[in-house]
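Colleague: To be precise about what I am sending: the file is called my_file_10.tsv and holds TSV, C-alpha atoms.
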```tsv
chain	number	residue	atom	x	y	z
A	1	MET	CA	0.00	0.00	0.00
A	2	LYS	CA	2.77	2.39	0.92
A	3	GLU	CA	4.60	1.59	-2.30
A	4	SER	CA	1.46	2.29	-4.34
A	5	LEU	CA	0.96	5.63	-2.62
A	6	TYR	CA	4.61	6.51	-3.18
A	7	GLU	CA	4.33	5.62	-6.88
A	8	LEU	CA	1.19	7.74	-7.15
A	9	TRP	CA	2.93	10.66	-5.39
A	10	ALA	CA	5.92	10.29	-7.72
A	11	THR	CA	3.66	10.91	-10.74
A	12	THR	CA	2.28	14.21	-9.45
A	13	GLY	CA	3.51	17.60	-10.53
A	14	ILE	CA	4.12	18.72	-6.97
A	15	ALA	CA	6.64	15.94	-6.40
A	16	ASN	CA	8.53	16.73	-9.60
A	17	PHE	CA	8.55	20.51	-9.76
A	18	SER	CA	11.99	22.09	-9.81
A	19	PRO	CA	12.57	25.73	-8.78
A	20	GLY	CA	13.50	26.55	-12.38
A	21	GLU	CA	10.24	25.15	-13.74
A	22	ALA	CA	8.23	27.08	-11.16
A	23	LEU	CA	10.10	30.26	-12.10
A	24	MET	CA	9.49	29.81	-15.83
A	25	ILE	CA	5.79	29.06	-15.28
A	26	ALA	CA	5.66	32.37	-13.40
A	27	VAL	CA	7.37	34.03	-16.39
A	28	GLY	CA	4.76	32.47	-18.69
A	29	GLY	CA	2.04	33.78	-16.39
A	30	LEU	CA	3.58	37.26	-16.56
A	31	LEU	CA	3.53	37.17	-20.37
A	32	ILE	CA	-0.13	36.11	-20.31
A	33	TYR	CA	-0.89	38.97	-17.90
A	34	LEU	CA	0.86	41.48	-20.17
A	35	ALA	CA	-1.16	40.17	-23.12
A	36	ILE	CA	-4.56	40.19	-21.41
A	37	GLY	CA	-4.24	42.78	-18.66
A	38	ARG	CA	-2.01	45.31	-20.40
A	39	LYS	CA	-2.80	44.38	-24.02
A	40	PHE	CA	0.89	44.28	-24.97
A	41	GLU	CA	0.87	42.55	-28.36
A	42	PRO	CA	-1.52	39.78	-27.29
A	43	LEU	CA	-1.20	37.98	-30.64
A	44	LEU	CA	2.40	37.20	-29.70
A	45	LEU	CA	2.55	37.18	-25.93
A	46	LEU	CA	-0.55	35.07	-25.26
A	47	PRO	CA	0.56	31.98	-27.23
A	48	ILE	CA	4.20	32.43	-26.17
A	49	GLY	CA	3.24	32.73	-22.50
A	50	PHE	CA	0.89	29.75	-22.65
A	51	GLY	CA	3.53	27.72	-24.47
A	52	ALA	CA	5.97	28.59	-21.68
A	53	VAL	CA	3.53	27.28	-19.07
A	54	LEU	CA	2.92	24.05	-21.00
A	55	SER	CA	6.62	23.41	-21.60
A	56	ASN	CA	7.43	23.61	-17.88
A	57	ILE	CA	4.88	21.09	-16.68
A	58	PRO	CA	7.01	18.29	-15.19
A	59	ILE	CA	6.78	14.76	-16.63
A	60	ALA	CA	4.31	15.79	-19.38
A	61	GLY	CA	7.08	16.25	-21.97
A	62	ILE	CA	4.95	18.57	-24.10
A	63	SER	CA	7.98	20.44	-25.43
A	64	GLY	CA	10.09	17.32	-25.96
A	65	PRO	CA	10.78	15.78	-29.37
A	66	ASP	CA	7.71	13.55	-29.08
A	67	GLY	CA	5.47	16.21	-27.51
A	68	LEU	CA	3.01	18.39	-29.41
A	69	LEU	CA	4.99	21.62	-29.05
A	70	GLY	CA	8.24	19.83	-29.82
A	71	MET	CA	6.83	18.48	-33.07
A	72	ILE	CA	5.39	21.87	-34.04
A	73	TYR	CA	8.80	23.42	-33.39
A	74	SER	CA	10.54	20.79	-35.48
A	75	VAL	CA	8.16	21.09	-38.43
A	76	GLY	CA	7.72	24.86	-38.57
A	77	ILE	CA	10.68	26.54	-36.86
A	78	GLU	CA	13.67	24.31	-37.56
A	79	THR	CA	12.72	24.05	-41.24
A	80	GLY	CA	12.16	27.81	-41.54
A	81	ILE	CA	8.67	27.32	-43.02
A	82	PHE	CA	6.77	29.40	-40.45
A	83	PRO	CA	8.90	32.56	-40.96
A	84	LEU	CA	8.41	32.43	-44.72
A	85	LEU	CA	4.63	32.00	-44.38
A	86	ILE	CA	4.57	34.88	-41.90
A	87	PHE	CA	6.46	37.03	-44.42
A	88	MET	CA	3.86	36.22	-47.08
A	89	GLY	CA	1.07	37.22	-44.69
A	90	VAL	CA	2.84	40.43	-43.68
A	91	GLY	CA	3.31	41.26	-47.36
A	92	ALA	CA	-0.42	40.77	-47.95
A	93	LEU	CA	-1.20	43.05	-44.99
A	94	THR	CA	1.27	45.78	-45.94
A	95	ASP	CA	0.54	48.91	-47.91
A	96	PHE	CA	3.73	50.06	-49.63
A	97	GLY	CA	2.06	53.38	-50.46
A	98	PRO	CA	3.73	55.46	-47.69
A	99	LEU	CA	7.18	54.18	-48.68
A	100	ILE	CA	6.56	54.79	-52.38
A	101	ALA	CA	5.20	58.27	-51.63
A	102	MET	CA	8.24	59.15	-49.51
A	103	PRO	CA	11.22	57.03	-50.70
A	104	SER	CA	13.63	58.92	-48.43
A	105	THR	CA	12.25	56.91	-45.49
A	106	LEU	CA	14.35	54.03	-46.81
A	107	PHE	CA	17.26	55.73	-45.04
A	108	LEU	CA	15.39	55.51	-41.74
A	109	GLY	CA	14.83	51.78	-42.24
A	110	ALA	CA	18.51	51.34	-43.12
A	111	ALA	CA	19.74	53.35	-40.10
A	112	ALA	CA	17.67	51.23	-37.70
A	113	GLN	CA	19.54	48.11	-38.84
A	114	PHE	CA	22.76	49.42	-37.27
A	115	GLY	CA	21.87	47.48	-34.13
A	116	ILE	CA	22.30	44.22	-36.08
A	117	PHE	CA	25.96	44.78	-36.85
A	118	PHE	CA	26.73	46.29	-33.43
A	119	THR	CA	25.30	43.18	-31.79
A	120	LEU	CA	27.32	40.91	-34.06
A	121	LEU	CA	30.46	42.53	-32.66
A	122	GLY	CA	29.02	42.38	-29.15
A	123	ALA	CA	28.40	38.64	-29.46
A	124	LEU	CA	32.00	38.07	-30.49
A	125	ALA	CA	33.18	40.25	-27.59
A	126	MET	CA	31.19	38.07	-25.15
A	127	ASN	CA	33.59	35.22	-25.92
A	128	PHE	CA	35.83	36.79	-23.28
A	129	ILE	CA	33.26	35.71	-20.66
A	130	PRO	CA	34.11	32.22	-19.36
A	131	GLY	CA	31.54	29.69	-20.49
A	132	LEU	CA	30.53	31.52	-23.65
A	133	GLU	CA	31.89	30.71	-27.09
A	134	PHE	CA	30.11	32.17	-30.11
A	135	THR	CA	31.38	31.56	-33.63
A	136	LEU	CA	31.07	34.20	-36.36
A	137	ALA	CA	27.99	32.40	-37.67
A	138	ASP	CA	26.49	32.37	-34.16
A	139	ALA	CA	27.21	36.08	-33.77
A	140	ALA	CA	25.58	36.85	-37.12
A	141	ALA	CA	22.45	34.94	-36.14
A	142	ILE	CA	22.32	36.70	-32.76
A	143	GLY	CA	22.87	40.10	-34.37
A	144	ILE	CA	19.72	39.89	-36.48
A	145	ILE	CA	17.70	40.29	-33.27
A	146	GLY	CA	18.58	43.98	-33.55
A	147	GLY	CA	16.23	44.32	-36.50
A	148	ALA	CA	13.25	43.43	-34.25
A	149	ASP	CA	12.07	41.02	-36.94
A	150	GLY	CA	11.15	37.62	-35.49
A	151	PRO	CA	10.60	35.75	-38.77
A	152	THR	CA	13.92	36.96	-40.19
A	153	ALA	CA	15.73	36.03	-36.96
A	154	ILE	CA	14.29	32.51	-37.08
A	155	PHE	CA	15.07	32.09	-40.79
A	156	LEU	CA	18.69	33.20	-40.44
A	157	SER	CA	19.45	31.29	-37.24
A	158	SER	CA	17.95	28.08	-38.68
A	159	ARG	CA	20.68	28.26	-41.32
A	160	LEU	CA	23.61	29.74	-39.41
A	161	ALA	CA	23.14	28.62	-35.80
A	162	PRO	CA	20.50	25.89	-35.41
A	163	ASP	CA	21.69	25.15	-31.88
A	164	LEU	CA	20.88	28.74	-30.84
A	165	LEU	CA	17.58	28.88	-32.71
A	166	GLY	CA	15.37	28.56	-29.64
A	167	ALA	CA	17.11	31.28	-27.63
A	168	ILE	CA	17.25	33.66	-30.62
A	169	ALA	CA	13.56	33.11	-31.43
A	170	VAL	CA	12.55	33.79	-27.83
A	171	ALA	CA	14.68	36.95	-27.68
A	172	ALA	CA	13.49	38.30	-31.05
A	173	TYR	CA	9.80	37.82	-30.36
A	174	SER	CA	10.06	38.99	-26.75
A	175	TYR	CA	11.51	42.33	-27.81
A	176	MET	CA	9.06	42.65	-30.68
A	177	ALA	CA	6.22	42.26	-28.20
A	178	LEU	CA	7.80	44.72	-25.77
A	179	VAL	CA	8.13	47.52	-28.34
A	180	PRO	CA	5.54	49.68	-26.49
A	181	ILE	CA	7.69	49.50	-23.34
A	182	ILE	CA	11.22	49.77	-24.76
A	183	GLN	CA	10.87	52.39	-27.49
A	184	PRO	CA	9.05	55.41	-25.95
A	185	PRO	CA	11.72	56.31	-23.34
A	186	ILE	CA	14.44	56.20	-26.02
A	187	MET	CA	12.33	58.32	-28.38
A	188	ARG	CA	11.63	60.95	-25.72
A	189	ALA	CA	15.26	61.06	-24.57
A	190	LEU	CA	16.59	61.74	-28.07
A	191	THR	CA	14.02	64.32	-29.22
A	192	SER	CA	12.83	67.68	-27.97
A	193	GLU	CA	9.18	68.47	-27.39
A	194	ALA	CA	9.25	70.84	-30.35
A	195	GLU	CA	10.57	68.06	-32.62
A	196	ARG	CA	7.88	65.66	-31.39
A	197	LYS	CA	5.21	68.24	-32.28
A	198	VAL	CA	6.29	68.56	-35.93
A	199	VAL	CA	3.28	68.03	-38.20
A	200	MET	CA	4.17	66.37	-41.50
A	201	THR	CA	2.39	67.17	-44.75
A	202	GLN	CA	-0.06	64.69	-46.21
A	203	LEU	CA	1.53	62.03	-48.42
A	204	ARG	CA	0.85	62.11	-52.15
A	205	HIS	CA	-1.56	59.66	-53.74
A	206	VAL	CA	0.13	56.49	-55.01
A	207	SER	CA	-1.37	54.88	-58.10
A	208	ARG	CA	-2.36	51.22	-58.40
A	209	ALA	CA	0.24	50.74	-61.14
A	210	GLU	CA	3.00	51.95	-58.77
A	211	LYS	CA	1.83	49.58	-56.04
A	212	ILE	CA	1.84	46.61	-58.42
A	213	ALA	CA	5.24	47.52	-59.84
A	214	PHE	CA	6.90	47.93	-56.44
A	215	PRO	CA	6.94	44.28	-55.23
A	216	LEU	CA	7.99	43.10	-58.70
A	217	THR	CA	10.81	45.65	-58.79
A	218	LEU	CA	11.86	44.70	-55.27
A	219	LEU	CA	12.03	41.02	-56.21
A	220	LEU	CA	13.97	41.78	-59.40
A	221	LEU	CA	16.59	43.76	-57.48
A	222	CYS	CA	16.85	40.92	-54.97
A	223	VAL	CA	17.36	38.36	-57.74
A	224	LEU	CA	20.05	40.46	-59.40
A	225	LEU	CA	21.92	41.73	-56.33
A	226	LEU	CA	21.27	39.48	-53.31
A	227	PRO	CA	19.78	36.06	-54.15
A	228	THR	CA	20.43	34.81	-50.60
A	229	ALA	CA	17.60	37.08	-49.40
A	230	ALA	CA	15.20	35.74	-52.04
A	231	PRO	CA	13.23	33.39	-49.73
A	232	LEU	CA	12.25	36.27	-47.43
A	233	ILE	CA	11.94	39.03	-50.02
A	234	GLY	CA	10.22	36.66	-52.46
A	235	MET	CA	7.46	35.64	-50.04
A	236	PHE	CA	7.05	39.24	-48.89
A	237	ALA	CA	6.72	40.47	-52.48
A	238	PHE	CA	4.35	37.63	-53.39
A	239	GLY	CA	2.04	38.39	-50.48
A	240	ASN	CA	1.98	42.07	-51.42
A	241	LEU	CA	1.28	41.27	-55.07
A	242	LEU	CA	-1.72	39.19	-53.97
A	243	ARG	CA	-2.99	42.29	-52.19
A	244	GLU	CA	-2.34	44.88	-54.89
A	245	SER	CA	-3.16	42.87	-58.03
A	246	GLY	CA	-6.90	43.07	-57.31
A	247	VAL	CA	-7.64	39.79	-59.09
A	248	VAL	CA	-7.12	37.22	-56.30
A	249	GLU	CA	-9.08	38.71	-53.43
A	250	ARG	CA	-9.79	35.28	-51.92
A	251	LEU	CA	-6.11	34.40	-51.80
A	252	SER	CA	-5.22	37.82	-50.42
A	253	ARG	CA	-7.84	37.52	-47.65
A	254	THR	CA	-6.58	34.04	-46.76
A	255	ALA	CA	-2.97	35.24	-46.53
A	256	GLN	CA	-4.03	38.23	-44.43
A	257	ASN	CA	-6.32	36.34	-42.08
A	258	GLU	CA	-6.69	32.56	-41.83
A	259	LEU	CA	-3.19	31.56	-42.89
A	260	ILE	CA	-1.20	34.11	-40.89
A	261	ASN	CA	-3.44	33.59	-37.84
A	262	ILE	CA	-2.94	29.81	-37.88
A	263	VAL	CA	0.82	30.16	-38.32
A	264	THR	CA	0.98	32.79	-35.56
A	265	ILE	CA	-0.72	30.41	-33.11
A	266	PHE	CA	1.69	27.57	-33.85
A	267	LEU	CA	4.68	29.92	-33.99
A	268	GLY	CA	3.90	31.44	-30.60
A	269	LEU	CA	3.38	28.05	-28.94
A	270	ALA	CA	6.59	26.70	-30.48
A	271	ILE	CA	8.61	29.70	-29.28
A	272	GLY	CA	7.06	29.34	-25.84
A	273	SER	CA	8.25	25.74	-25.76
A	274	LYS	CA	11.81	27.03	-25.68
A	275	LEU	CA	11.09	28.83	-22.41
A	276	SER	CA	11.44	25.57	-20.56
A	277	ALA	CA	13.77	25.86	-17.57
A	278	ASP	CA	16.40	23.45	-18.87
A	279	LYS	CA	16.77	25.35	-22.16
A	280	PHE	CA	16.20	28.92	-21.02
A	281	LEU	CA	18.05	29.24	-17.71
A	282	THR	CA	21.53	28.96	-19.21
A	283	LEU	CA	24.36	31.49	-19.45
A	284	GLU	CA	24.24	31.33	-23.24
A	285	THR	CA	20.53	32.15	-23.45
A	286	LEU	CA	20.75	34.95	-20.90
A	287	GLY	CA	23.69	36.41	-22.85
A	288	ILE	CA	21.62	36.36	-26.04
A	289	LEU	CA	18.70	38.07	-24.28
A	290	THR	CA	21.03	40.79	-22.99
A	291	LEU	CA	22.50	41.35	-26.44
A	292	GLY	CA	19.01	41.42	-27.95
A	293	ALA	CA	17.87	44.18	-25.60
A	294	ILE	CA	20.97	46.24	-26.41
A	295	ALA	CA	20.57	45.62	-30.14
A	296	PHE	CA	16.93	46.67	-30.19
A	297	SER	CA	17.65	49.81	-28.18
A	298	ILE	CA	20.50	50.78	-30.50
A	299	GLY	CA	18.35	50.15	-33.59
A	300	THR	CA	15.65	52.43	-32.19
A	301	ALA	CA	18.18	55.11	-31.27
A	302	THR	CA	19.96	55.14	-34.63
A	303	GLY	CA	16.61	55.35	-36.42
A	304	VAL	CA	15.60	58.37	-34.34
A	305	LEU	CA	19.01	60.00	-34.88
A	306	MET	CA	18.64	59.55	-38.64
A	307	GLY	CA	15.19	61.10	-38.29
A	308	LYS	CA	16.76	64.11	-36.53
A	309	LEU	CA	19.25	64.45	-39.39
A	310	MET	CA	16.43	64.37	-41.94
A	311	HIS	CA	14.54	66.89	-39.80
A	312	ARG	CA	17.42	69.34	-40.14
A	313	LEU	CA	18.13	68.64	-43.81
A	314	THR	CA	14.47	69.20	-44.74
A	315	GLY	CA	14.15	72.39	-42.73
A	316	GLY	CA	11.96	70.82	-40.07
A	317	LYS	CA	9.52	69.01	-42.35
A	318	VAL	CA	10.27	65.52	-40.97
A	319	ASN	CA	9.25	64.50	-37.46
A	320	PRO	CA	12.26	62.62	-36.00
A	321	LEU	CA	9.96	60.22	-34.16
A	322	ILE	CA	9.21	58.30	-37.36
A	323	GLY	CA	12.83	57.10	-37.36
A	324	ALA	CA	11.97	54.77	-34.48
A	325	ALA	CA	9.65	52.89	-36.85
A	326	GLY	CA	12.69	51.90	-38.89
A	327	VAL	CA	12.93	48.71	-36.85
A	328	SER	CA	10.88	46.10	-38.65
A	329	ALA	CA	8.27	45.35	-35.98
A	330	VAL	CA	5.28	45.95	-38.28
A	331	PRO	CA	2.98	47.69	-37.47
A	332	MET	CA	3.79	47.85	-33.75
A	333	ALA	CA	6.63	50.36	-34.06
A	334	ALA	CA	4.52	52.64	-36.27
A	335	ARG	CA	1.71	52.58	-33.70
A	336	VAL	CA	4.13	53.49	-30.93
A	337	VAL	CA	5.44	56.42	-32.99
A	338	ASN	CA	1.87	57.60	-33.52
A	339	LYS	CA	1.12	57.30	-29.80
A	340	VAL	CA	4.19	59.28	-28.73
A	341	GLY	CA	3.42	61.92	-31.35
A	342	LEU	CA	-0.15	62.28	-30.08
A	343	GLU	CA	1.15	62.73	-26.53
A	344	ALA	CA	3.04	65.83	-27.72
A	345	ASP	CA	0.19	67.13	-29.90
A	346	HIS	CA	-3.29	65.59	-29.84
A	347	HIS	CA	-3.80	66.56	-33.49
A	348	ASN	CA	-0.54	65.12	-34.81
A	349	PHE	CA	-1.23	61.76	-36.48
A	350	LEU	CA	2.02	60.14	-37.63
A	351	LEU	CA	0.84	56.60	-38.34
A	352	MET	CA	0.92	56.70	-42.14
A	353	HIS	CA	4.22	58.59	-42.19
A	354	ALA	CA	5.71	56.02	-39.80
A	355	MET	CA	4.59	53.12	-41.99
A	356	GLY	CA	7.12	54.15	-44.64
A	357	PRO	CA	10.20	53.53	-42.48
A	358	ASN	CA	8.44	50.56	-40.85
A	359	VAL	CA	8.09	48.78	-44.19
A	360	ALA	CA	11.62	49.88	-45.11
A	361	GLY	CA	12.78	48.22	-41.89
A	362	VAL	CA	11.25	44.90	-42.92
A	363	ILE	CA	13.05	45.10	-46.24
A	364	GLY	CA	16.24	46.25	-44.53
A	365	SER	CA	16.31	43.37	-42.04
A	366	ALA	CA	15.71	40.86	-44.84
A	367	ILE	CA	18.56	42.39	-46.83
A	368	ALA	CA	20.82	42.33	-43.76
A	369	ALA	CA	19.97	38.65	-43.29
A	370	GLY	CA	20.81	37.97	-46.91
A	371	VAL	CA	24.16	39.77	-46.59
A	372	LEU	CA	25.07	37.84	-43.44
A	373	LEU	CA	24.01	34.56	-45.03
A	374	ALA	CA	26.13	35.30	-48.10
A	375	LEU	CA	29.20	36.25	-46.02
A	376	VAL	CA	29.23	33.63	-43.28
A	377	GLY	CA	26.73	31.02	-44.44
A	378	PRO	CA	27.58	27.42	-45.26
```
In structure tokens, how does this file's structure come out?

Modeller:
Amino acid sequence: MKESLYELWATTGIANFSPGEALMIAVGGLLIYLAIGRKFEPLLLLPIGFGAVLSNIPIAGISGPDGLLGMIYSVGIETGIFPLLIFMGVGALTDFGPLIAMPSTLFLGAAAQFGIFFTLLGALAMNFIPGLEFTLADAAAIGIIGGADGPTAIFLSSRLAPDLLGAIAVAAYSYMALVPIIQPPIMRALTSEAERKVVMTQLRHVSRAEKIAFPLTLLLLCVLLLPTAAPLIGMFAFGNLLRESGVVERLSRTAQNELINIVTIFLGLAIGSKLSADKFLTLETLGILTLGAIAFSIGTATGVLMGKLMHRLTGGKVNPLIGAAGVSAVPMAARVVNKVGLEADHHNFLLMHAMGPNVAGVIGSAIAAGVLLALVGP
């Protein structure tokens, strides 16, 4: 009888919980709270937080190779399929009009990618810390976190540093979701109240022909100059062509809604599965998270500084805040820019102006990934 009771006790969660698992379940609960209670990017944080809770249930093995989340991770993340499908959906959701109307915002998207290359050097510098040893390929994969582009980070790390894929995915999506917390203090610190109040003129009308030509031109340039970025740029351009062509509305709606929603659910749960205590509470993962925070902050800062330069060169016609949208967290960064602008002037709506650098940031991070893949890839 005693042996039976002991065996029963040994199968309970209480008997098998480790302090690390309890801590990570609390972290998952915090992410769920931020999603529901604070409405911080619930589409990302809710599935990631719930996946974190599931992956830390002792004995269940949900995040293991034979568990549901483990299999989802293997099929969609390790293969790089989920990021490419997400890129197609983002392309179908994206209006290139603001970027076409104001091509100079490409510079803002390019400036915000500086964090990628700074972090690459930072990852290599961390090799001086005992217990850490990042190769150049590892550092390149870690650096892409600075672009605040989760799909691109997953795609690149699956090819350059598969062993770091889980930690990089968690870091990239965590900072994407925390854009509303991280960016505003940096934006306010680097701009004056007068700069934040700058009202930009209405963008010109962009014709349908221009919108159709843009994704095709983008893909052509990618094919000619940087074929290594073709998987990302190609799916992004294809999704946008579905949207702008006007002849495949059903396919466009599917890419914008059902498909991207399904992939987002699985992607979030799979990323959450890497928040298990045994995988997350390591020096390597914590180092990557630290570098990711620095990278994202630097990307935001350099985007704003480029915005300040454009503000001066244009005689005050550009609001420097839109530079913060140069990171490729679409459309979160653009919404944050609009919010900070409205705090300075309740009549100053910057959303459409911020979408130009935001879209440029997506393109910029994909190009940066292609460059890194070409230079240090297998």

Colleague: Please tabulate, as a tab-separated table, the residues of segment 67-170 of chain A that come within 8 Å of segment 288-302 of chain A, each with its closest pair of atoms and the distance in Å to one decimal, counting only C-alpha atoms and ordering rows by chain, then residue number upward.

Modeller:
```
residue	atom	partner	partner_atom	distance
A:Ala111	CA	A:Thr302	CA	5.8
A:Ala112	CA	A:Gly299	CA	4.3
A:Gln113	CA	A:Gly299	CA	5.8
A:Phe114	CA	A:Gly299	CA	5.8
A:Gly115	CA	A:Gly299	CA	4.5
A:Ile116	CA	A:Ala295	CA	6.3
A:Phe118	CA	A:Ala295	CA	7.0
A:Thr119	CA	A:Ala295	CA	5.6
A:Gly122	CA	A:Leu291	CA	7.1
A:Ala123	CA	A:Leu291	CA	7.2
A:Ile142	CA	A:Ile288	CA	6.8
A:Gly143	CA	A:Ala295	CA	7.3
A:Ile145	CA	A:Gly292	CA	5.6
A:Gly146	CA	A:Ala295	CA	4.3
A:Gly147	CA	A:Phe296	CA	6.8
A:Ala148	CA	A:Phe296	CA	6.4
A:Ala167	CA	A:Ile288	CA	7.0
A:Ile168	CA	A:Ile288	CA	6.9
```

Colleague: With a distance cut-off of 12 Å and all atoms listed in the file, select the neighbouring residues of Leu68 of chain A, excluding the residue or stretch itself and same-chain residues fewer than 4 positions from it, and output the selection as a list of chain:residue names.

Modeller: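 Listing them by chain and then by number gives A:Gly51, A:Leu54, A:Ser55, A:Ala60, A:Gly61, A:Ile62, A:Ser63, A:Gly64, A:Ile72, A:Tyr73, A:Ser74, A:Val75, A:Phe266, A:Leu269, A:Ala270, A:Ser273.
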
Colleague: My list of candidates is A:Ala277, A:Leu121, A:Val198, A:Thr12. Which is closest to Ala26 of chain A when distances are computed with only C-alpha atoms?

Modeller: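 Between A:Ala277, A:Leu121, A:Val198, A:Thr12, the residue approaching Ala26 of chain A most closely is A:Ala277.
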
Colleague: With a distance cut-off of 8 Å and only C-alpha atoms, select the neighbouring residues of segment 349-357 of chain A, excluding the residue or stretch itself and same-chain residues fewer than 4 positions from it, and output the selection as a ChimeraX atom specification.

Modeller: /A:96-100,102-103,105-109,199-200,203,322-323,325-327,331,334-335,337-338,341-342,361

Colleague: With all atoms listed in the file as the basis for distance, which of A:Leu241, A:Leu156, A:Leu220, A:Val53 is at the shortest distance from Ser276 of chain A?

Modeller: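 Distance minimum relative to Ser276 of chain A lands on A:Val53.
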
Colleague: Ranking A:Val170, A:Ile233, A:Ala110, A:Leu160 by minimum distance to Phe134 of chain A and counting all atoms listed in the file, which one comes first?

Modeller: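 That would be A:Leu160, the residue with the smallest distance to Phe134 of chain A.
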
Colleague: Applying 12 Å and all atoms listed in the file, which residues near segment 222-228 of chain A remain after dropping the ones on its own chain fewer than 3 positions away? List them as an MDAnalysis selection string.

Modeller: chainID A and resid 155:156 159 215:219 231:237 363:364 366:378

Colleague: Which residue gives the smallest distance to Arg253 of chain A among A:Ala171, A:Gly239, A:Ala140, A:Leu221, with only C-alpha atoms counted?

Modeller: A:Gly239

Colleague: Could you tell me which of A:Ser365, A:Ser328, A:Asn257, A:Thr314 comes closest to Ser104 of chain A if we count all atoms listed in the file?

Modeller: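 Closest to Ser104 of chain A of all the choices is A:Thr314.
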
Colleague: Anything within 6 Å of (3.9, 70.6, -30.6): list those residues as a list in words, counting only C-alpha atoms and sticking to the file's coordinates.

Modeller: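 Within 6 Å of (3.9, 70.6, -30.6), the protein and nucleic acid residues are Ala194, Lys197, Ala344 and Asp345 of chain A.
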
Colleague: List as a list in words the protein and nucleic acid residues near Ile81 of chain A, meaning an atom at most 10 Å away when all atoms listed in the file are counted, but skip any in the same chain fewer than 4 places from it.

Modeller: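 Listed by chain and then number, they are Val75, Gly76, Ile77, Leu85, Ile86, Pro151, Ile154, Phe155 and Val263 of chain A.
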
Colleague: Here is a test: counting all atoms listed in the file, which residue of A:Ile36, A:Asn358, A:Arg188, A:Leu136 is nearest to Pro320 of chain A?

Modeller: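 Once distances to Pro320 of chain A are computed over all atoms listed in the file, the minimum belongs to A:Arg188.
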
Colleague: Expressed in Å to a single decimal, how great is the separation between atom CA of Ile260 of chain A and atom CA of Met88 of chain A?

Modeller: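 So the answer is 8.3 Å.
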
Colleague: I'd like the interatomic distance between atom CA of Ala153 of chain A and atom CA of Ala35 of chain A, to a tenth of an Å.

Modeller: 22.2 Å

Colleague: Please provide as a list in words all residues within 8 Å of Ala177 of chain A, with the sequence filter that same-chain residues fewer than 6 positions apart are discarded (counting all atoms listed in the file).

Modeller: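 Selected residues are Phe40, Glu41, Leu44 and Leu45 of chain A.
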
Colleague: Output C-alpha atoms for every residue in that selection, as a JSON list (two decimals), in the frame of the given file.

Modeller:
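Result file follows (result18.json):
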```json
[["chain", "number", "residue", "atom", "x", "y", "z"],
["A", 40, "PHE", "CA", 0.89, 44.28, -24.97],
["A", 41, "GLU", "CA", 0.87, 42.55, -28.36],
["A", 44, "LEU", "CA", 2.40, 37.20, -29.70],
["A", 45, "LEU", "CA", 2.55, 37.18, -25.93]]
```

Colleague: Quote the spacing between atom CA of Val90 of chain A and atom CA of Val206 of chain A in Å to one decimal place.

Modeller: 19.8 Å

Colleague: Supply segment 360-371 of chain A as a PDB file, keeping the file's coordinate frame, with N, CA and C atoms built in where the input has gaps.

Modeller:
```pdb
ATOM      1  N   ALA A 360      10.205  49.863 -44.713  1.00  0.00           N
ATOM      2  CA  ALA A 360      11.620  49.880 -45.110  1.00  0.00           C
ATOM      3  C   ALA A 360      12.452  49.044 -44.147  1.00  0.00           C
ATOM      4  N   GLY A 361      12.062  49.031 -42.866  1.00  0.00           N
ATOM      5  CA  GLY A 361      12.780  48.220 -41.890  1.00  0.00           C
ATOM      6  C   GLY A 361      12.641  46.737 -42.150  1.00  0.00           C
ATOM      7  N   VAL A 362      11.446  46.307 -42.570  1.00  0.00           N
ATOM      8  CA  VAL A 362      11.250  44.900 -42.920  1.00  0.00           C
ATOM      9  C   VAL A 362      12.171  44.509 -44.066  1.00  0.00           C
ATOM     10  N   ILE A 363      12.187  45.357 -45.089  1.00  0.00           N
ATOM     11  CA  ILE A 363      13.050  45.100 -46.240  1.00  0.00           C
ATOM     12  C   ILE A 363      14.518  45.135 -45.820  1.00  0.00           C
ATOM     13  N   GLY A 364      14.860  46.108 -44.972  1.00  0.00           N
ATOM     14  CA  GLY A 364      16.240  46.250 -44.530  1.00  0.00           C
ATOM     15  C   GLY A 364      16.735  45.057 -43.730  1.00  0.00           C
ATOM     16  N   SER A 365      15.893  44.529 -42.843  1.00  0.00           N
ATOM     17  CA  SER A 365      16.310  43.370 -42.040  1.00  0.00           C
ATOM     18  C   SER A 365      16.465  42.134 -42.912  1.00  0.00           C
ATOM     19  N   ALA A 366      15.589  41.994 -43.919  1.00  0.00           N
ATOM     20  CA  ALA A 366      15.710  40.860 -44.840  1.00  0.00           C
ATOM     21  C   ALA A 366      16.995  40.963 -45.658  1.00  0.00           C
ATOM     22  N   ILE A 367      17.323  42.178 -46.083  1.00  0.00           N
ATOM     23  CA  ILE A 367      18.560  42.390 -46.830  1.00  0.00           C
ATOM     24  C   ILE A 367      19.778  42.105 -45.949  1.00  0.00           C
ATOM     25  N   ALA A 368      19.716  42.588 -44.698  1.00  0.00           N
ATOM     26  CA  ALA A 368      20.820  42.330 -43.760  1.00  0.00           C
ATOM     27  C   ALA A 368      21.007  40.834 -43.556  1.00  0.00           C
ATOM     28  N   ALA A 369      19.893  40.104 -43.437  1.00  0.00           N
ATOM     29  CA  ALA A 369      19.970  38.650 -43.290  1.00  0.00           C
ATOM     30  C   ALA A 369      20.609  38.012 -44.512  1.00  0.00           C
ATOM     31  N   GLY A 370      20.240  38.494 -45.688  1.00  0.00           N
ATOM     32  CA  GLY A 370      20.810  37.970 -46.910  1.00  0.00           C
ATOM     33  C   GLY A 370      22.313  38.219 -47.010  1.00  0.00           C
ATOM     34  N   VAL A 371      22.734  39.426 -46.577  1.00  0.00           N
ATOM     35  CA  VAL A 371      24.160  39.770 -46.590  1.00  0.00           C
ATOM     36  C   VAL A 371      24.928  38.855 -45.637  1.00  0.00           C
TER      37      VAL A 371
END
```
